[in-house]
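S.K.: File protein-v4.cif follows (mmCIF, C-alpha atoms):
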data_upload
loop_
_atom_site.label_atom_id
_atom_site.label_comp_id
_atom_site.auth_asym_id
_atom_site.auth_seq_id
_atom_site.Cartn_x
_atom_site.Cartn_y
_atom_site.Cartn_z
CA MET A 19 8.77 10.58 8.15
CA ASN A 20 8.21 13.88 9.97
CA LYS A 21 10.71 15.57 7.64
CA ALA A 22 8.89 14.15 4.61
CA ARG A 23 5.54 15.35 5.96
CA LYS A 24 6.86 18.89 6.39
CA ALA A 25 8.34 18.87 2.89
CA ILE A 26 5.04 17.73 1.36
CA ALA A 27 3.04 20.28 3.38
CA GLU A 28 5.26 23.08 2.13
CA ARG A 29 5.31 21.95 -1.51
CA ILE A 30 1.53 21.43 -1.73
CA LYS A 31 1.06 25.18 -1.34
CA SER A 32 2.66 25.82 -4.74
CA VAL A 33 1.34 22.94 -6.88
CA ASP A 34 -1.82 22.67 -8.95
CA MET A 35 -2.68 19.03 -8.27
CA VAL A 36 -1.47 15.89 -6.52
CA ILE A 37 -0.71 12.39 -7.77
CA GLU A 38 -0.87 9.69 -5.12
CA MET A 39 0.53 6.31 -6.04
CA LEU A 40 -1.24 3.40 -4.40
CA ASP A 41 -0.48 -0.30 -4.39
CA ALA A 42 -3.21 -1.93 -6.50
CA ARG A 43 -3.03 -5.01 -4.25
CA MET A 44 -4.00 -2.90 -1.22
CA PRO A 45 -5.34 0.50 -2.35
CA ALA A 46 -6.92 1.69 0.89
CA SER A 47 -4.13 0.34 3.10
CA SER A 48 -1.61 2.29 1.01
CA GLU A 49 -3.68 5.49 0.90
CA ASN A 50 -2.06 8.03 3.23
CA PRO A 51 -4.67 9.74 5.47
CA LEU A 52 -2.19 12.55 6.20
CA LEU A 53 -2.02 13.36 2.50
CA ALA A 54 -5.80 13.72 2.36
CA GLN A 55 -5.52 16.40 5.07
CA LEU A 56 -2.50 18.15 3.55
CA SER A 57 -3.88 18.23 0.01
CA LYS A 58 -7.44 19.27 0.81
CA GLY A 59 -8.89 21.28 -2.06
CA LYS A 60 -6.39 20.04 -4.65
CA PRO A 61 -7.45 17.78 -7.55
CA LYS A 62 -6.04 14.28 -7.11
CA LEU A 63 -5.01 11.55 -9.50
CA LYS A 64 -4.91 8.13 -7.85
CA ILE A 65 -2.58 5.70 -9.58
CA LEU A 66 -3.16 2.05 -8.74
CA ASN A 67 0.32 0.80 -9.43
CA LYS A 68 1.42 -2.85 -9.78
CA GLN A 69 -1.87 -3.72 -11.45
CA ASP A 70 -0.12 -6.67 -13.09
CA LEU A 71 0.17 -8.24 -9.62
CA ALA A 72 -3.39 -7.39 -8.53
CA ASP A 73 -6.73 -9.14 -9.04
CA PRO A 74 -8.14 -7.45 -12.20
CA GLY A 75 -11.75 -7.81 -11.03
CA ARG A 76 -11.02 -6.09 -7.75
CA THR A 77 -8.94 -3.42 -9.49
CA ALA A 78 -12.00 -2.50 -11.56
CA VAL A 79 -14.04 -2.16 -8.35
CA TRP A 80 -11.42 0.10 -6.79
CA LEU A 81 -11.21 2.31 -9.88
CA GLU A 82 -14.98 2.79 -9.79
CA HIS A 83 -14.75 3.56 -6.07
CA TYR A 84 -12.14 6.30 -6.50
CA ASN A 85 -13.61 7.75 -9.67
CA SER A 86 -16.87 8.35 -7.82
CA ARG A 87 -15.11 10.84 -5.52
CA PRO A 88 -15.24 14.57 -6.35
CA ASP A 89 -12.10 16.16 -7.88
CA THR A 90 -10.55 12.70 -8.15
CA ARG A 91 -9.59 10.48 -11.03
CA ALA A 92 -8.08 7.00 -10.83
CA ILE A 93 -6.11 4.94 -13.32
CA ALA A 94 -4.36 1.59 -13.00
CA LEU A 95 -0.99 0.74 -14.47
CA ASP A 96 2.24 -1.13 -14.10
CA ALA A 97 5.07 1.34 -13.52
CA SER A 98 7.28 -0.41 -16.07
CA GLU A 99 4.79 -0.20 -18.97
CA THR A 100 5.88 1.99 -21.85
CA ALA A 101 2.61 3.95 -22.06
CA ALA A 102 2.63 4.97 -18.38
CA ALA A 103 3.97 8.48 -19.03
CA ALA A 104 1.36 9.23 -21.69
CA LYS A 105 -1.49 7.93 -19.53
CA ILE A 106 -0.45 10.04 -16.55
CA THR A 107 0.30 13.29 -18.37
CA ARG A 108 -2.95 12.99 -20.34
CA ALA A 109 -4.95 12.40 -17.15
CA CYS A 110 -3.31 15.37 -15.43
CA ARG A 111 -3.90 17.74 -18.32
CA THR A 112 -7.52 16.62 -18.55
CA MET A 113 -8.02 17.40 -14.88
CA MET A 114 -6.29 20.80 -15.17
CA PRO A 115 -7.27 22.13 -18.63
CA ASN A 116 -6.50 25.73 -17.66
CA ARG A 117 -2.84 25.00 -16.90
CA GLY A 118 -0.24 24.65 -19.62
CA GLY A 119 2.12 26.68 -21.73
CA ILE A 120 5.39 28.31 -20.74
CA GLY A 121 3.63 31.05 -18.81
CA LYS A 122 1.63 28.76 -16.54
CA PRO A 123 3.19 25.29 -16.36
CA LEU A 124 1.24 22.46 -14.79
CA ARG A 125 2.87 21.84 -11.41
CA VAL A 126 2.24 18.37 -9.98
CA LEU A 127 3.29 16.75 -6.72
CA ILE A 128 3.71 12.97 -6.79
CA CYS A 129 3.84 11.00 -3.57
CA GLY A 130 3.16 7.58 -2.12
CA ILE A 131 4.15 5.11 0.56
CA PRO A 132 7.64 3.59 0.58
CA ASN A 133 8.32 0.90 -2.05
CA VAL A 134 5.14 1.60 -4.03
CA GLY A 135 7.11 1.87 -7.28
CA LYS A 136 7.20 5.63 -7.62
CA SER A 137 10.86 5.90 -8.62
CA THR A 138 10.49 3.18 -11.26
CA LEU A 139 7.51 5.03 -12.70
CA ILE A 140 9.35 8.37 -12.80
CA ASN A 141 12.37 6.85 -14.52
CA GLY A 142 10.04 5.46 -17.18
CA MET A 143 8.36 8.84 -17.61
CA ILE A 144 11.54 10.85 -18.12
CA GLY A 145 13.34 8.17 -20.12
CA LYS A 146 16.45 7.92 -17.99
CA LYS A 147 17.48 6.78 -14.54
CA SER A 148 17.14 9.95 -12.50
CA ALA A 149 15.45 8.41 -9.47
CA LYS A 150 17.03 5.58 -7.51
CA THR A 151 15.04 2.35 -7.44
CA GLY A 152 15.00 -0.81 -5.36
CA ASN A 153 12.68 -3.39 -3.85
CA GLU A 154 12.85 -1.87 -0.39
CA PRO A 155 11.32 1.14 1.36
CA GLY A 156 13.04 4.49 1.72
CA ILE A 157 14.92 4.82 -1.60
CA THR A 158 13.98 8.44 -2.36
CA LYS A 159 15.58 10.64 0.30
CA ALA A 160 14.79 14.20 -0.80
CA GLU A 161 12.45 16.16 -3.05
CA GLN A 162 13.32 16.32 -6.75
CA ARG A 163 11.88 18.60 -9.43
CA LEU A 164 11.58 16.90 -12.80
CA PHE A 165 10.61 18.46 -16.13
CA LEU A 166 8.39 16.11 -18.14
CA ALA A 167 7.83 18.94 -20.62
CA ASP A 168 8.49 22.67 -20.71
CA ASP A 169 5.06 23.20 -19.17
CA PHE A 170 4.83 20.09 -16.96
CA TRP A 171 6.78 20.14 -13.71
CA LEU A 172 6.74 17.08 -11.46
CA TYR A 173 7.83 17.26 -7.83
CA ASP A 174 8.92 13.89 -6.44
CA THR A 175 8.86 13.42 -2.66
CA PRO A 176 10.20 10.73 -0.32
CA GLY A 177 7.86 7.85 0.49
CA MET A 178 5.92 8.51 3.67
CA LEU A 179 3.96 6.34 6.09
CA TRP A 180 1.77 7.92 8.73
CA PRO A 181 2.54 7.88 12.49
CA LYS A 182 -0.29 5.59 13.57
CA ILE A 183 -1.98 2.87 11.55
CA ILE A 184 -5.29 2.24 13.30
CA VAL A 185 -6.62 -0.45 10.93
CA GLU A 186 -4.83 -3.62 11.98
CA GLU A 187 -5.55 -5.41 8.71
CA GLY A 188 -4.11 -2.45 6.80
CA GLY A 189 -0.89 -2.69 8.80
CA TYR A 190 -0.51 -6.36 7.95
CA ASN A 191 -1.21 -5.64 4.28
CA LEU A 192 1.45 -2.92 4.14
CA ALA A 193 3.95 -5.26 5.78
CA ALA A 194 3.08 -8.09 3.37
CA GLY A 195 3.53 -5.75 0.41
CA GLY A 196 6.98 -4.58 1.50
CA ALA A 197 6.18 -1.01 2.59
CA VAL A 198 7.55 -1.67 6.07
CA GLY A 199 11.24 -2.33 6.68
CA ARG A 200 12.20 -5.83 7.83
CA ASN A 201 13.46 -4.59 11.18
CA ALA A 202 9.98 -3.23 12.00
CA LEU A 203 7.93 -6.38 11.49
CA ASP A 204 7.56 -9.98 12.59
CA GLU A 205 7.69 -11.87 9.30
CA GLU A 206 6.15 -15.03 10.73
CA GLU A 207 3.16 -13.10 12.06
CA VAL A 208 2.71 -11.21 8.79
CA ALA A 209 2.96 -14.41 6.75
CA LEU A 210 0.35 -16.12 8.93
CA GLU A 211 -2.07 -13.23 8.47
CA LEU A 212 -1.44 -13.24 4.71
CA LEU A 213 -1.99 -17.00 4.45
CA ASP A 214 -5.19 -16.76 6.47
CA TYR A 215 -6.58 -14.18 4.03
CA LEU A 216 -5.46 -16.16 1.01
CA ARG A 217 -6.99 -19.41 2.20
CA ARG A 218 -10.32 -17.62 2.68
CA HIS A 219 -10.32 -15.62 -0.57
CA TYR A 220 -7.78 -17.17 -2.97
CA LEU A 221 -7.58 -20.82 -1.96
CA PRO A 222 -7.18 -22.24 -5.51
CA LEU A 223 -4.14 -20.00 -6.13
CA LEU A 224 -2.63 -21.00 -2.80
CA GLN A 225 -3.21 -24.69 -3.48
CA ALA A 226 -1.71 -24.48 -6.95
CA ARG A 227 1.42 -22.59 -5.88
CA TYR A 228 2.30 -25.00 -3.07
CA GLN A 229 1.07 -28.24 -4.67
CA ALA A 230 -1.70 -28.72 -2.14
CA ASP A 231 -4.61 -28.83 -4.59
CA LYS A 232 -5.06 -32.60 -4.27
CA ASP A 233 -5.05 -32.56 -0.48
CA PRO A 234 -8.60 -32.47 0.95
CA SER A 235 -7.34 -30.66 4.05
CA SER A 236 -5.66 -27.77 2.23
CA HIS A 237 -8.06 -25.26 3.75
CA TRP A 238 -5.88 -25.58 6.89
CA GLN A 239 -5.82 -22.84 9.49
CA ASN A 240 -3.32 -21.41 12.00
CA THR A 241 0.25 -22.62 11.27
CA ASP A 242 -0.74 -25.56 9.05
CA TRP A 243 -0.10 -23.72 5.78
CA LEU A 244 3.27 -22.40 6.94
CA GLU A 245 4.29 -25.91 7.97
CA TRP A 246 3.23 -27.26 4.57
CA ILE A 247 5.20 -24.56 2.74
CA ALA A 248 8.26 -25.28 4.88
CA LYS A 249 7.99 -28.96 4.01
CA LYS A 250 7.61 -28.25 0.29
CA ARG A 251 10.55 -25.81 0.22
CA GLY A 252 12.90 -27.77 2.44
CA ALA A 253 12.77 -25.22 5.25
CA VAL A 254 13.65 -27.73 7.95
CA LEU A 255 15.98 -27.37 10.92
CA SER A 256 18.00 -30.09 12.62
CA GLY A 257 15.89 -32.84 14.08
CA GLY A 258 13.20 -32.31 11.46
CA ARG A 259 11.90 -29.13 13.10
CA THR A 260 10.00 -26.62 10.95
CA ASN A 261 11.93 -23.46 10.04
CA TYR A 262 9.00 -21.06 10.35
CA GLN A 263 11.14 -18.00 9.68
CA LYS A 264 12.41 -19.35 6.36
CA ALA A 265 8.92 -20.48 5.35
CA ALA A 266 7.55 -17.02 6.20
CA GLU A 267 10.23 -15.27 4.15
CA ASN A 268 9.49 -17.59 1.23
CA THR A 269 5.74 -16.89 1.45
CA LEU A 270 6.17 -13.11 1.55
CA THR A 271 8.61 -13.15 -1.35
CA ASP A 272 6.22 -15.28 -3.40
CA PHE A 273 3.39 -12.81 -2.74
CA ARG A 274 5.46 -9.70 -3.50
CA ASP A 275 6.81 -11.16 -6.73
CA GLY A 276 3.38 -12.35 -7.89
CA HIS A 277 4.30 -16.04 -7.86
CA ILE A 278 1.13 -17.04 -6.01
CA GLY A 279 -1.04 -15.23 -8.53
CA ARG A 280 -2.83 -11.92 -9.08
CA ILE A 281 -4.12 -11.00 -5.63
CA THR A 282 -5.75 -7.99 -3.99
CA LEU A 283 -5.93 -8.09 -0.21
CA GLU A 284 -8.98 -5.87 0.28
CA THR A 285 -12.17 -4.57 -1.29
CA PRO A 286 -13.86 -1.21 -0.58
CA ASN A 287 -16.53 -2.99 1.49
CA GLN A 288 -13.96 -4.94 3.49
CA TRP A 289 -12.01 -1.76 4.16
CA GLU A 290 -15.10 0.08 5.37
CA THR A 291 -15.82 -2.78 7.79
CA TRP A 292 -12.23 -2.82 9.08
CA LEU A 293 -12.16 0.98 9.43
CA LYS A 294 -15.44 1.06 11.33
CA LYS A 295 -14.20 -1.61 13.71
CA ALA A 296 -10.87 0.22 14.21
CA LYS A 297 -12.57 3.55 14.95
CA GLN A 298 -14.88 1.90 17.43
CA LYS A 299 -11.93 0.26 19.19
CA GLU A 300 -10.04 3.55 19.24
CA ALA A 301 -13.08 5.34 20.74
CA GLU A 302 -13.38 2.68 23.43
CA GLN A 303 -9.70 2.97 24.30
CA LYS A 304 -9.99 6.76 24.48
CA ALA A 305 -12.99 6.45 26.81
CA VAL A 306 -10.99 4.17 29.12
CA ARG A 307 -8.08 6.63 29.20
CA GLU A 308 -10.38 9.54 29.94
CA ALA A 309 -12.05 7.57 32.73
CA ARG A 310 -8.67 6.83 34.30
CA LYS A 311 -7.68 10.50 34.13
CA ALA A 312 -10.95 11.51 35.77
CA GLU A 313 -10.47 8.91 38.46
CA LYS A 314 -6.96 10.14 39.22
CA LYS A 315 -8.13 13.76 39.45
CA GLY A 316 -10.82 12.72 41.91
CA LYS A 317 -8.34 11.11 44.31
CA PRO A 318 -6.97 13.19 47.22
CA LEU A 319 -3.24 14.04 47.06
#
For the file at hand, write its structure as structure tokens.

M.R.:
Amino acid sequence: MNKARKAIAERIKSVDMVIEMLDARMPASSENPLLAQLSKGKPKLKILNKQDLADPGRTAVWLEHYNSRPDTRAIALDASETAAAAKITRACRTMMPNRGGIGKPLRVLICGIPNVGKSTLINGMIGKKSAKTGNEPGITKAEQRLFLADDFWLYDTPGMLWPKIIVEEGGYNLAAGGAVGRNALDEEEVALELLDYLRRHYLPLLQARYQADKDPSSHWQNTDWLEWIAKKRGAVLSGGRTNYQKAAENTLTDFRDGHIGRITLETPNQWETWLKKAKQKEAEQKAVREARKAEKKGKPL
């Protein structure tokens, strides 16, 4: 990740604008705060990818949110759609009308978190498989320069997460969406957090997917939903014990593949609330650390 950050920091100096791909199911969670610092002063196109998996009503709210920012434009798409290339190049040229032609090509950096669908999008834009793809983080390993036209240069960079995710809910969302490698997360914990959000905001979809719509208690909390899913999917160990791990894997796969329904795990207002809470917690922790340092300095050796 540090290598990717350095590569992006160096490339940004020579590009005209930046495209950041976001996951439409979790736009703010997938928005890299380091990129905001590195690309300060550059026009930005926010692409809410995987819109076909996201809640269309919430996608509209997020587009309005981003389009209200200065020097920023946002569009939503599915990376596999045939018109993606035209939408993106048109948006970029509109934002940079003074760039174009052989003498001054439009130079664009495209970046995003791991597994956001960037490579799939690029392959669709250039019409051939130039970028490796896969449903796992870390596919793109090095920067690539791609020519979408004689006067449109696209620099592709490896997916990059940031060193510290302070918003706890954002971390769970990234893990649920597949941006975090399996070795770095507790799938049962992530699935429980996902199910808790879904039961509060998308209960009908949850009930329909797991045949719980006729059960009056299907607003269950804690591990109840995971136990129900395990029962429905035959995730049972010897002695009739619940296989929580298998049920968690099944739940996360269903979410990532869109089998539960079109879901977005956050709204701009929710994110602002989570961010405020996280910053307050971080400030409190910093105050405690500073107090301990001061106390140690005050003690005689």

S.K.: In terms of the shortest atom-to-atom distance over only C-alpha atoms, which of A:Leu283, A:Ala202, A:Ala226, A:Ala309 is closest to Asp214 of chain A?

M.R.: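 Using only C-alpha atoms, Asp214 of chain A sits closest to A:Leu283.
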
S.K.: Please expand the PyMOL selection byres ((chain A and resi 205) around 9) into the concrete residues it hits in this file, giving the result as a list of chain:residue names.

M.R.: A:Ala193, A:Ala194, A:Arg200, A:Leu203, A:Asp204, A:Glu206, A:Glu207, A:Val208, A:Ala209, A:Leu210, A:Gln263, A:Ala266, A:Glu267, A:Leu270

S.K.: Residues as selected, C-alpha atoms, written as an mmCIF file, keeping the file's coordinate frame, can you do that?

M.R.:
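Contents of the output file part.cif:
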data_model
loop_
_atom_site.group_PDB
_atom_site.id
_atom_site.type_symbol
_atom_site.label_atom_id
_atom_site.label_comp_id
_atom_site.auth_asym_id
_atom_site.auth_seq_id
_atom_site.Cartn_x
_atom_site.Cartn_y
_atom_site.Cartn_z
ATOM 1 C CA ALA A 193 3.950 -5.260 5.780
ATOM 2 C CA ALA A 194 3.080 -8.090 3.370
ATOM 3 C CA ARG A 200 12.200 -5.830 7.830
ATOM 4 C CA LEU A 203 7.930 -6.380 11.490
ATOM 5 C CA ASP A 204 7.560 -9.980 12.590
ATOM 6 C CA GLU A 206 6.150 -15.030 10.730
ATOM 7 C CA GLU A 207 3.160 -13.100 12.060
ATOM 8 C CA VAL A 208 2.710 -11.210 8.790
ATOM 9 C CA ALA A 209 2.960 -14.410 6.750
ATOM 10 C CA LEU A 210 0.350 -16.120 8.930
ATOM 11 C CA GLN A 263 11.140 -18.000 9.680
ATOM 12 C CA ALA A 266 7.550 -17.020 6.200
ATOM 13 C CA GLU A 267 10.230 -15.270 4.150
ATOM 14 C CA LEU A 270 6.170 -13.110 1.550
#

S.K.: Considering all atoms listed in the file, can you say which of A:Gln298, A:Thr107, A:Asn201, A:Thr271 comes closest to Leu166 of chain A?

M.R.: A:Thr107

S.K.: Which residues come within 10 Å of segment 61-71 of chain A, counting all atoms listed in the file, excluding same-chain residues fewer than 3 positions away, as a ChimeraX atom specification?

M.R.: /A:34-45,48-49,54,57-58,74,77,80-81,84-85,87-98,106,109-110,113-114,126-128,130,134-136,139,273-282

S.K.: Measuring atom to atom with all atoms listed in the file, identify which of A:Thr269, A:Gln288, A:Thr260, A:Ser32 is nearest to Arg125 of chain A.

M.R.: A:Ser32
